[in-house]
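Q: So that you have it, the file is my_file_19.csv, and it contains CSV, C-alpha atoms:
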```csv
chain,number,residue,atom,x,y,z
A,1,MET,CA,-188.9,107.0,75.4
A,2,VAL,CA,-187.4,105.2,72.4
A,3,TRP,CA,-184.0,106.8,73.0
A,4,GLU,CA,-184.1,105.7,76.6
A,5,LYS,CA,-184.8,102.1,75.5
A,6,GLU,CA,-181.9,102.3,73.0
A,7,LYS,CA,-179.5,103.3,75.8
A,8,ILE,CA,-180.6,100.4,77.9
A,9,VAL,CA,-180.1,97.8,75.2
A,10,GLY,CA,-176.9,99.5,74.1
A,11,SER,CA,-174.8,97.4,76.4
A,12,CYS,CA,-173.8,94.3,74.2
A,13,ILE,CA,-171.5,91.4,74.7
A,14,ILE,CA,-169.7,90.5,71.5
A,15,GLY,CA,-166.7,88.2,71.3
A,16,GLY,CA,-166.4,88.2,75.1
A,17,ALA,CA,-165.9,91.9,75.5
A,18,THR,CA,-168.5,94.3,76.8
A,19,PHE,CA,-169.2,97.5,74.9
A,20,ALA,CA,-171.2,100.5,76.1
A,21,VAL,CA,-173.0,101.5,72.9
A,22,GLY,CA,-174.3,105.0,72.8
A,23,ALA,CA,-177.8,105.8,71.8
A,24,THR,CA,-176.7,107.5,68.6
A,25,PHE,CA,-174.5,104.6,67.6
A,26,LEU,CA,-177.2,102.0,68.2
A,27,HIS,CA,-179.8,104.2,66.5
A,28,LEU,CA,-177.8,104.3,63.3
A,29,PHE,CA,-177.3,100.5,63.5
A,30,LEU,CA,-181.0,99.9,63.9
A,31,LYS,CA,-181.7,102.1,60.9
A,32,GLY,CA,-179.2,100.2,58.8
A,33,GLU,CA,-177.0,103.4,58.4
A,34,LEU,CA,-174.0,102.3,60.4
A,35,PRO,CA,-170.7,102.6,58.4
A,36,LEU,CA,-169.3,99.1,57.7
A,37,GLY,CA,-165.8,100.5,58.5
A,38,ILE,CA,-166.5,100.5,62.2
A,39,GLY,CA,-165.4,97.2,63.7
A,40,LEU,CA,-168.3,96.6,66.0
A,41,GLY,CA,-170.8,97.9,63.4
A,42,ALA,CA,-169.4,95.5,60.8
A,43,ARG,CA,-169.9,92.6,63.2
A,44,LEU,CA,-173.4,93.6,64.0
A,45,VAL,CA,-174.3,94.1,60.4
A,46,SER,CA,-172.8,90.8,59.3
A,47,PHE,CA,-174.9,89.2,62.0
A,48,ARG,CA,-178.0,90.8,60.6
A,49,LYS,CA,-177.1,89.4,57.1
A,50,ARG,CA,-176.8,85.8,58.3
A,51,ARG,CA,-177.0,82.9,55.9
A,52,PRO,CA,-180.6,81.9,55.2
A,53,VAL,CA,-181.7,78.8,57.1
A,54,ARG,CA,-182.3,76.0,54.5
A,55,VAL,CA,-184.6,73.2,55.2
A,56,TYR,CA,-185.2,69.9,53.3
A,57,MET,CA,-188.3,67.8,53.0
A,58,ASP,CA,-188.8,64.8,50.7
A,59,GLY,CA,-191.7,62.7,49.6
A,60,CYS,CA,-193.3,60.7,46.9
A,61,PHE,CA,-195.9,63.3,46.3
A,62,ASP,CA,-198.0,60.8,44.3
A,63,MET,CA,-201.5,62.2,43.6
A,64,MET,CA,-200.5,65.4,45.3
A,65,HIS,CA,-203.2,67.0,47.4
A,66,TYR,CA,-203.6,69.9,49.7
A,67,GLY,CA,-202.3,67.8,52.6
A,68,HIS,CA,-198.9,67.6,50.9
A,69,CYS,CA,-199.1,71.4,50.2
A,70,ASN,CA,-199.8,72.1,53.8
A,71,ALA,CA,-196.9,70.0,54.9
A,72,LEU,CA,-194.6,72.0,52.5
A,73,ARG,CA,-196.1,75.2,53.9
A,74,GLN,CA,-195.2,74.2,57.5
A,75,ALA,CA,-191.8,73.1,56.4
A,76,ARG,CA,-191.1,76.4,54.8
A,77,ALA,CA,-192.1,78.2,58.0
A,78,LEU,CA,-189.2,76.5,59.8
A,79,GLY,CA,-186.6,78.1,57.6
A,80,ASP,CA,-185.9,80.7,55.0
A,81,GLN,CA,-185.6,78.4,52.0
A,82,LEU,CA,-187.3,75.1,51.3
A,83,VAL,CA,-185.6,72.4,49.2
A,84,VAL,CA,-187.8,69.5,48.3
A,85,GLY,CA,-186.7,66.0,47.3
A,86,VAL,CA,-189.0,64.1,45.0
A,87,VAL,CA,-188.5,60.3,45.2
A,88,SER,CA,-187.8,58.4,42.0
A,89,ASP,CA,-190.3,56.0,40.4
A,90,GLU,CA,-187.9,53.1,41.0
A,91,GLU,CA,-187.6,53.9,44.7
A,92,ILE,CA,-191.4,54.1,45.1
A,93,ILE,CA,-191.9,50.8,43.3
A,94,ALA,CA,-189.4,49.1,45.5
A,95,ASN,CA,-190.9,50.5,48.7
A,96,LYS,CA,-194.6,51.1,48.1
A,97,GLY,CA,-195.6,49.8,44.7
A,98,PRO,CA,-196.1,51.6,41.3
A,99,PRO,CA,-196.9,55.3,41.6
A,100,VAL,CA,-200.0,56.7,39.9
A,101,THR,CA,-198.2,59.8,38.6
A,102,PRO,CA,-194.8,59.4,37.0
A,103,LEU,CA,-191.8,61.4,38.2
A,104,HIS,CA,-192.0,64.2,35.5
A,105,GLU,CA,-195.6,65.0,36.5
A,106,ARG,CA,-194.8,64.9,40.2
A,107,MET,CA,-191.9,67.3,39.6
A,108,VAL,CA,-194.3,69.7,37.8
A,109,MET,CA,-196.6,69.5,40.8
A,110,VAL,CA,-194.0,70.1,43.5
A,111,LYS,CA,-192.3,73.0,41.6
A,112,ALA,CA,-195.6,74.7,41.3
A,113,VAL,CA,-196.2,74.9,45.1
A,114,LYS,CA,-195.6,78.5,46.1
A,115,TRP,CA,-193.7,77.6,49.3
A,116,VAL,CA,-191.0,75.6,47.4
A,117,ASP,CA,-187.7,77.3,46.5
A,118,GLU,CA,-185.8,74.4,45.0
A,119,VAL,CA,-186.5,70.8,43.9
A,120,ILE,CA,-184.2,67.7,43.8
A,121,SER,CA,-185.2,65.0,41.4
A,122,ASP,CA,-184.7,61.3,42.0
A,123,ALA,CA,-184.3,61.6,45.7
A,124,PRO,CA,-183.9,58.4,47.7
A,125,TYR,CA,-186.8,57.0,49.7
A,126,ALA,CA,-184.6,56.7,52.8
A,127,ILE,CA,-182.1,59.2,54.0
A,128,THR,CA,-178.7,57.4,53.7
A,129,GLU,CA,-175.4,58.7,55.1
A,130,ASP,CA,-174.1,59.6,51.7
A,131,PHE,CA,-177.2,61.5,50.7
A,132,MET,CA,-177.4,63.3,54.1
A,133,LYS,CA,-173.8,64.4,53.7
A,134,ARG,CA,-174.7,65.6,50.2
A,135,LEU,CA,-177.6,67.6,51.6
A,136,PHE,CA,-175.5,69.2,54.2
A,137,ASP,CA,-172.4,69.9,52.0
A,138,GLU,CA,-173.8,70.5,48.5
A,139,TYR,CA,-177.2,71.9,49.3
A,140,GLN,CA,-176.3,73.6,52.6
A,141,ILE,CA,-179.3,72.1,54.4
A,142,ASP,CA,-179.6,72.9,58.1
A,143,TYR,CA,-182.6,70.7,59.0
A,144,ILE,CA,-184.4,67.7,57.5
A,145,ILE,CA,-188.2,67.9,58.0
A,146,HIS,CA,-190.9,65.3,58.1
A,147,GLY,CA,-194.5,64.9,59.4
A,148,ASP,CA,-195.4,63.3,62.8
A,149,ASP,CA,-196.7,60.2,61.0
A,150,PRO,CA,-194.2,57.3,61.0
A,151,CYS,CA,-192.1,56.6,57.9
A,152,VAL,CA,-191.0,53.0,58.2
A,153,LEU,CA,-188.9,51.1,55.6
A,154,PRO,CA,-189.7,47.6,54.5
A,155,ASP,CA,-187.1,46.3,57.0
A,156,GLY,CA,-188.9,48.0,59.8
A,157,THR,CA,-186.4,50.8,60.4
A,158,ASP,CA,-187.1,54.6,60.6
A,159,ALA,CA,-186.4,56.3,57.3
A,160,TYR,CA,-185.2,59.4,59.2
A,161,ALA,CA,-183.1,57.7,61.9
A,162,LEU,CA,-179.8,59.1,60.7
A,163,ALA,CA,-181.2,62.7,60.5
A,164,LYS,CA,-182.5,62.4,64.1
A,165,LYS,CA,-179.2,61.0,65.3
A,166,ALA,CA,-177.3,63.9,63.7
A,167,GLY,CA,-179.6,66.3,65.6
A,168,ARG,CA,-180.7,67.9,62.3
A,169,TYR,CA,-184.3,66.7,62.3
A,170,LYS,CA,-187.5,68.7,62.8
A,171,GLN,CA,-191.1,67.5,62.8
A,172,ILE,CA,-194.3,69.1,61.6
A,173,LYS,CA,-198.0,68.2,62.2
A,174,ARG,CA,-199.7,65.9,59.7
A,175,THR,CA,-202.7,67.5,58.0
A,176,GLU,CA,-205.8,65.6,59.2
A,177,GLY,CA,-208.8,64.6,57.0
A,178,VAL,CA,-206.9,63.7,53.8
A,179,SER,CA,-204.6,61.0,52.6
A,180,SER,CA,-203.7,59.4,49.3
A,181,THR,CA,-205.3,56.2,50.5
A,182,ASP,CA,-208.6,58.0,51.2
A,183,ILE,CA,-208.6,59.7,47.8
A,184,VAL,CA,-208.0,56.4,46.0
A,185,GLY,CA,-211.0,55.0,47.9
A,186,ARG,CA,-213.2,57.9,46.6
A,187,MET,CA,-211.9,57.2,43.0
A,188,LEU,CA,-212.9,53.6,43.2
A,189,LEU,CA,-216.5,54.7,43.9
A,190,CYS,CA,-216.4,56.6,40.6
A,191,VAL,CA,-215.2,53.5,38.8
A,192,ARG,CA,-218.1,51.5,40.4
A,193,GLU,CA,-220.6,54.1,39.2
A,194,ARG,CA,-219.6,53.4,35.6
A,195,SER,CA,-219.5,49.7,36.0
A,196,ASN,CA,-220.9,47.4,38.6
A,197,SER,CA,-218.9,44.4,37.4
A,198,HIS,CA,-217.6,41.8,39.8
A,199,SER,CA,-214.0,42.8,39.0
A,200,HIS,CA,-214.5,46.3,40.2
A,201,SER,CA,-216.2,45.3,43.4
A,202,SER,CA,-213.5,42.8,44.3
A,203,LEU,CA,-210.8,45.5,43.6
A,204,GLN,CA,-212.6,47.8,46.0
A,205,ARG,CA,-212.7,45.1,48.7
A,206,GLN,CA,-209.1,44.4,48.1
A,207,PHE,CA,-208.1,48.0,48.4
A,208,SER,CA,-210.2,48.7,51.5
A,209,HIS,CA,-209.0,45.6,53.4
A,210,GLY,CA,-205.4,46.2,52.3
A,211,HIS,CA,-205.4,49.7,53.8
A,212,ASN,CA,-207.5,49.0,56.9
A,213,SER,CA,-210.2,51.2,55.5
A,214,PRO,CA,-214.0,50.9,55.9
A,215,LYS,CA,-215.4,48.3,53.5
A,216,PHE,CA,-217.4,49.4,50.4
A,217,ASP,CA,-220.9,48.1,50.0
A,218,ASP,CA,-221.5,46.1,46.8
A,219,GLY,CA,-224.9,47.6,46.0
A,220,GLY,CA,-225.7,50.6,44.0
A,221,SER,CA,-226.8,52.8,46.8
A,222,SER,CA,-224.8,55.7,48.2
A,223,ALA,CA,-224.5,54.0,51.6
A,224,GLY,CA,-220.8,53.2,51.0
A,225,THR,CA,-219.8,56.5,49.6
A,226,ARG,CA,-216.5,57.7,51.0
A,227,VAL,CA,-217.0,61.3,52.2
A,228,SER,CA,-214.3,63.8,53.0
A,229,HIS,CA,-213.2,64.2,56.6
A,230,PHE,CA,-211.7,67.6,56.0
A,231,LEU,CA,-213.1,70.4,58.1
A,232,PRO,CA,-212.5,73.7,56.3
A,233,THR,CA,-211.6,76.7,58.5
A,234,SER,CA,-211.1,80.4,57.6
A,235,ARG,CA,-207.6,80.1,59.2
A,236,ARG,CA,-206.5,77.4,56.7
A,237,ILE,CA,-207.8,79.4,53.7
A,238,VAL,CA,-205.9,82.5,55.0
A,239,GLN,CA,-202.7,80.4,55.3
A,240,PHE,CA,-203.0,79.4,51.7
A,241,SER,CA,-204.0,82.8,50.3
A,242,ASN,CA,-201.7,85.4,48.9
A,243,GLY,CA,-203.6,88.2,50.6
A,244,LYS,CA,-203.0,90.6,47.8
A,245,GLY,CA,-205.3,92.0,45.2
A,246,PRO,CA,-204.6,93.2,41.6
A,247,GLY,CA,-202.9,96.5,41.0
A,248,PRO,CA,-204.9,99.5,39.6
A,249,ASP,CA,-203.9,98.8,36.0
A,250,ALA,CA,-203.5,95.0,36.2
A,251,ARG,CA,-204.5,92.8,33.3
A,252,ILE,CA,-206.7,90.2,35.0
A,253,ILE,CA,-207.0,86.7,33.4
A,254,TYR,CA,-209.9,84.4,34.4
A,255,ILE,CA,-210.0,80.7,34.1
A,256,ASP,CA,-212.6,78.4,35.6
A,257,GLY,CA,-213.4,74.7,36.1
A,258,ALA,CA,-213.7,71.9,38.6
A,259,PHE,CA,-210.0,71.3,39.2
A,260,ASP,CA,-210.8,68.0,40.7
A,261,LEU,CA,-207.8,65.8,41.7
A,262,PHE,CA,-205.5,68.7,41.0
A,263,HIS,CA,-202.9,67.4,38.6
A,264,ALA,CA,-200.0,68.4,36.4
A,265,GLY,CA,-202.4,69.2,33.5
A,266,HIS,CA,-204.1,71.8,35.7
A,267,VAL,CA,-200.8,73.3,36.8
A,268,GLU,CA,-199.5,73.7,33.2
A,269,ILE,CA,-202.7,75.4,31.9
A,270,LEU,CA,-202.7,77.7,34.9
A,271,ARG,CA,-199.1,78.6,34.1
A,272,ARG,CA,-200.0,79.3,30.5
A,273,ALA,CA,-202.9,81.5,31.6
A,274,ARG,CA,-200.8,83.4,34.1
A,275,GLU,CA,-198.3,84.3,31.4
A,276,LEU,CA,-201.0,86.3,29.6
A,277,GLY,CA,-201.5,88.9,32.3
A,278,ASP,CA,-200.6,90.4,35.6
A,279,PHE,CA,-203.1,88.6,37.9
A,280,LEU,CA,-204.7,85.2,37.6
A,281,LEU,CA,-208.2,84.7,39.0
A,282,VAL,CA,-209.5,81.1,39.1
A,283,GLY,CA,-213.1,80.2,39.4
A,284,ILE,CA,-213.8,76.9,41.1
A,285,HIS,CA,-217.2,75.4,40.4
A,286,ASN,CA,-219.2,74.1,43.4
A,287,ASP,CA,-219.9,70.4,44.0
A,288,GLN,CA,-223.4,70.6,42.6
A,289,THR,CA,-222.2,72.0,39.3
A,290,VAL,CA,-219.5,69.4,38.9
A,291,SER,CA,-222.0,66.5,39.8
A,292,ALA,CA,-224.4,67.7,37.2
A,293,ARG,CA,-221.8,67.6,34.5
A,294,SER,CA,-219.7,64.6,35.5
A,295,GLY,CA,-222.0,62.3,37.5
A,296,ALA,CA,-223.3,61.8,41.0
A,297,ARG,CA,-220.0,60.4,42.4
A,298,HIS,CA,-218.1,63.6,41.3
A,299,PRO,CA,-216.3,65.6,42.4
A,300,ILE,CA,-213.9,63.3,44.2
A,301,MET,CA,-212.5,66.3,46.2
A,302,ASN,CA,-215.1,68.7,47.7
A,303,LEU,CA,-215.1,72.4,46.9
A,304,HIS,CA,-212.9,73.5,49.8
A,305,GLU,CA,-210.4,70.8,49.2
A,306,ARG,CA,-210.2,71.8,45.5
A,307,SER,CA,-209.9,75.4,46.5
A,308,LEU,CA,-206.9,74.8,48.7
A,309,SER,CA,-205.1,72.8,46.1
A,310,VAL,CA,-205.5,75.6,43.6
A,311,LEU,CA,-204.6,78.3,46.1
A,312,ALA,CA,-201.3,76.5,46.8
A,313,CYS,CA,-200.2,76.9,43.1
A,314,ARG,CA,-197.7,79.7,42.6
A,315,TYR,CA,-199.3,80.8,39.3
A,316,VAL,CA,-202.7,81.6,41.0
A,317,ASP,CA,-203.3,85.0,42.6
A,318,GLU,CA,-206.9,84.6,43.8
A,319,VAL,CA,-209.8,82.1,43.6
A,320,ILE,CA,-213.6,82.4,43.5
A,321,ILE,CA,-214.9,79.6,45.7
A,322,GLY,CA,-218.1,78.3,44.2
A,323,ALA,CA,-217.9,80.2,40.9
A,324,PRO,CA,-220.9,80.2,38.6
A,325,SER,CA,-220.8,77.7,35.7
A,326,GLU,CA,-221.5,80.5,33.2
A,327,VAL,CA,-219.3,83.5,32.9
A,328,SER,CA,-221.7,86.5,33.1
A,329,LYS,CA,-221.3,90.1,32.3
A,330,ASP,CA,-221.7,90.9,36.0
A,331,THR,CA,-218.8,88.6,36.9
A,332,ILE,CA,-216.6,90.2,34.2
A,333,THR,CA,-217.4,93.7,35.5
A,334,THR,CA,-217.2,92.9,39.2
A,335,PHE,CA,-213.7,91.4,38.9
A,336,ASP,CA,-212.6,93.7,36.1
A,337,ILE,CA,-211.6,90.7,34.0
A,338,SER,CA,-209.6,91.5,30.9
A,339,LEU,CA,-209.5,88.0,29.3
A,340,VAL,CA,-211.3,84.7,29.9
A,341,VAL,CA,-209.4,81.5,28.9
A,342,HIS,CA,-210.0,77.8,28.6
A,343,GLY,CA,-207.7,74.9,27.8
A,344,THR,CA,-208.1,72.5,24.9
A,345,VAL,CA,-208.0,69.5,27.2
A,346,ALA,CA,-211.0,69.2,29.5
A,347,GLU,CA,-213.6,66.7,30.8
A,348,SER,CA,-216.4,68.7,29.2
A,349,ASP,CA,-216.6,70.1,25.7
A,350,ALA,CA,-219.3,72.6,26.5
A,351,PHE,CA,-216.9,75.5,25.7
A,352,GLN,CA,-217.1,74.3,22.0
A,353,LYS,CA,-220.8,74.3,21.7
A,354,GLU,CA,-222.8,77.0,19.9
A,355,GLU,CA,-225.9,76.7,22.1
A,356,GLY,CA,-225.6,76.7,25.9
A,357,ASN,CA,-222.0,77.7,25.8
A,358,PRO,CA,-221.0,78.9,29.3
A,359,TYR,CA,-218.6,81.4,27.7
A,360,ALA,CA,-221.1,83.0,25.4
A,361,VAL,CA,-220.8,86.4,27.0
A,362,PRO,CA,-217.0,86.7,26.9
A,363,ILE,CA,-217.1,85.4,23.4
A,364,SER,CA,-219.5,88.1,22.3
A,365,MET,CA,-217.3,90.7,24.0
A,366,GLY,CA,-214.2,89.5,22.2
A,367,ILE,CA,-212.4,88.6,25.4
A,368,PHE,CA,-212.4,84.8,25.2
A,369,GLN,CA,-209.3,82.7,24.2
A,370,ILE,CA,-208.7,79.0,23.9
A,371,LEU,CA,-205.3,77.9,25.1
A,372,GLU,CA,-203.5,74.8,23.9
A,373,SER,CA,-203.2,72.6,26.9
A,374,PRO,CA,-199.5,71.6,27.4
A,375,LEU,CA,-200.4,68.2,28.9
A,376,ASP,CA,-203.1,65.7,27.8
A,377,ILE,CA,-204.2,64.8,31.4
A,378,THR,CA,-207.7,65.0,33.0
A,379,THR,CA,-209.3,63.7,36.2
A,380,SER,CA,-210.4,60.7,34.2
A,381,THR,CA,-206.8,60.0,33.3
A,382,ILE,CA,-205.9,59.7,36.9
A,383,ILE,CA,-208.8,57.4,37.7
A,384,LYS,CA,-207.9,55.1,34.8
A,385,ARG,CA,-204.3,54.9,36.1
A,386,ILE,CA,-205.6,53.8,39.5
A,387,LYS,CA,-207.7,51.2,37.9
A,388,ARG,CA,-204.8,49.9,35.9
A,389,ASN,CA,-202.5,49.7,38.9
A,390,LEU,CA,-205.0,47.8,40.9
A,391,LYS,CA,-205.7,45.3,38.1
A,392,LYS,CA,-202.0,44.8,37.8
A,393,GLU,CA,-201.6,44.2,41.5
A,394,ALA,CA,-204.5,41.7,41.5
A,395,SER,CA,-203.1,39.9,38.5
A,396,GLU,CA,-199.7,39.5,40.2
A,397,LYS,CA,-201.2,38.3,43.4
A,398,LYS,CA,-203.2,35.7,41.5
A,399,TYR,CA,-200.1,34.5,39.7
A,400,TYR,CA,-198.2,33.9,42.9
A,401,GLU,CA,-201.1,32.2,44.6
A,402,GLN,CA,-201.4,29.8,41.7
A,403,LYS,CA,-197.7,29.4,41.0
A,404,ALA,CA,-196.6,25.8,40.5
A,405,PHE,CA,-193.1,24.2,40.5
A,406,VAL,CA,-191.5,24.3,37.1
A,407,THR,CA,-188.5,21.9,36.3
A,408,GLY,CA,-185.3,23.2,34.8
A,409,ASP,CA,-183.3,26.4,35.5
```
Represent the structure from my file as structure tokens, please.
A:
Amino acid sequence: MVWEKEKIVGSCIIGGATFAVGATFLHLFLKGELPLGIGLGARLVSFRKRRPVRVYMDGCFDMMHYGHCNALRQARALGDQLVVGVVSDEEIIANKGPPVTPLHERMVMVKAVKWVDEVISDAPYAITEDFMKRLFDEYQIDYIIHGDDPCVLPDGTDAYALAKKAGRYKQIKRTEGVSSTDIVGRMLLCVRERSNSHSHSSLQRQFSHGHNSPKFDDGGSSAGTRVSHFLPTSRRIVQFSNGKGPGPDARIIYIDGAFDLFHAGHVEILRRARELGDFLLVGIHNDQTVSARSGARHPIMNLHERSLSVLACRYVDEVIIGAPSEVSKDTITTFDISLVVHGTVAESDAFQKEEGNPYAVPISMGIFQILESPLDITTSTIIKRIKRNLKKEASEKKYYEQKAFVTGD
């Protein structure tokens, strides 16, 4: 039956000429055993070894979240290689205002996404003719990708108009249920929990009105809490998963934590941990555990959101969704863990305590190691930056509202 099908499809049109390809000839070709010296075979084999389709996607990737990662995943599916442009700090300031995370941290984040093959630093906010020509000629880009949400420049024009005109533009679906604006709103509630001062409340109102978001209540109740609109599905988790387990003799490294507002500090400690073994297993604490340790308004991202962000990281092989706060002997045995690690920079210092230490078991077994954290960044660091940016914005607005004429030049 197979041979009959090969005889049927053996009639090919190549270069305008029709060839009756015998079953044996085509069978060798399909098996990849056709000698390159045969003219027709050479053409067919060269066709099979076509140049990879290279696609380009750019963005600010400020406070990078799983929505960004899903966009990169979709973009990568449209080609064989994904090149990502990360917009410079200066371009972001000129078009959107100061970024929360500086360029070097955003580069760390984007490079760590497992669907990214290459990264271009200091990419322009808008696709200019010169930059588009550079993409096509220097980087061999076939298509420029963007989400179905509009990207409008300050002058009202489409940032991707030139790519569309050139016929080299493709669109992907925006990930619903998450946005940087929404995440900032959740952060502001954490700020309010720590201080109910007038300045914080006014900043919340300013932010929510400025972004057409629901207004925060000024009281201390949880009525105004911003909740996630993300609806987790098994399909999305499968899309982000590697789908492979450790080998029979793999050295399995385990690291756990909240991984809230997944940032460059998280990425770098995961990279360090992965270098110690063959397989990195990451335990992600549930929302209740994080709230008990960090406060009622935490975590900012819920368990499934945090899990997707960690799964998108190229250094991570597998995650435990809702891992226990204490590393038990049963956990170590069940997952055949060789080494448990923890970074020096963390929101909690429980790993340094003699009593109530969640790592008491691996410490007693001699399989616990503290890793020097490459970056001094925590979730609190990100929240403080948001607070700083908003205060600066409010101060500048007040200055221009009260500005008076000054003589002289």
Q: Please return as a PyMOL selection string every residue within 12 Å of (-198.4, 64.2, 48.7), taking into account all atoms listed in the file and the file's own coordinates.
A: chain A and resi 57-72+84-87+99-101+106-107+109-110+113+147+174-175+178-181+183+261-263+309
Q: What is the CA of Leu103 (chain A)-CA of Ser88 (chain A) distance in Å, reported with one decimal?
A: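 Separating CA of Leu103 (chain A) from CA of Ser88 (chain A) is a distance of 6.3 Å.
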Q: Check the smallest atom-to-atom distance from each of A:Gly265, A:Gly322, A:Gly167, A:Gly283 to Thr379 (chain A) using only C-alpha atoms, then report the winner.
A: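 Answer, going by the shortest atom-to-atom distance: A:Gly265.
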Q: Which residues are near Val55 (chain A)? Cut-off 12 Å, all atoms listed in the file, ignore same chain within fewer than 2 positions. Put them as a VMD selection string.
A: chain A and resid 52 to 53 57 to 58 72 to 85 115 to 119 135 to 136 139 to 146 168 to 171
Q: Could you state the separation of CA of Phe230 (chain A) and CA of His285 (chain A) in Å, given to one decimal place?
A: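 Pair CA of Phe230 (chain A) / CA of His285 (chain A) returns 18.3 Å.
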Q: Which residues are close to region 365-373 of chain A, i.e. within 9 Å by only C-alpha atoms, leaving aside same-chain residues fewer than 5 positions away? Reply as a list in words.
A: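 Here the qualifying residues turn out to be Gly265, His266, Glu268, Ile269, Arg272, Ala273, Ile337, Ser338, Leu339, Val340, Val341, His342, Gly343, Thr344, Val345, Ala346, Tyr359 and Ala360 of chain A.
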Q: CA of Glu354 (chain A) and CA of Thr289 (chain A), how far apart in Å?
A: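 Taking CA of Thr289 (chain A) and CA of Glu354 (chain A), their separation equals 20.0 Å.
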Q: Residues around (-192.9, 81.5, 41.8), cut-off 8 Å, counting all atoms listed in the file - what are they as a list in words?
A: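 The answer, in the requested form, is Ala112, Lys114, Arg314 and Tyr315 of chain A.
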Q: Do a neighbour search on Val319 (chain A) at 8 Å with only C-alpha atoms, toss out local chain neighbours closer than 4 positions, and write the hits as a ChimeraX atom specification.
A: /A:281-284,307,310-311
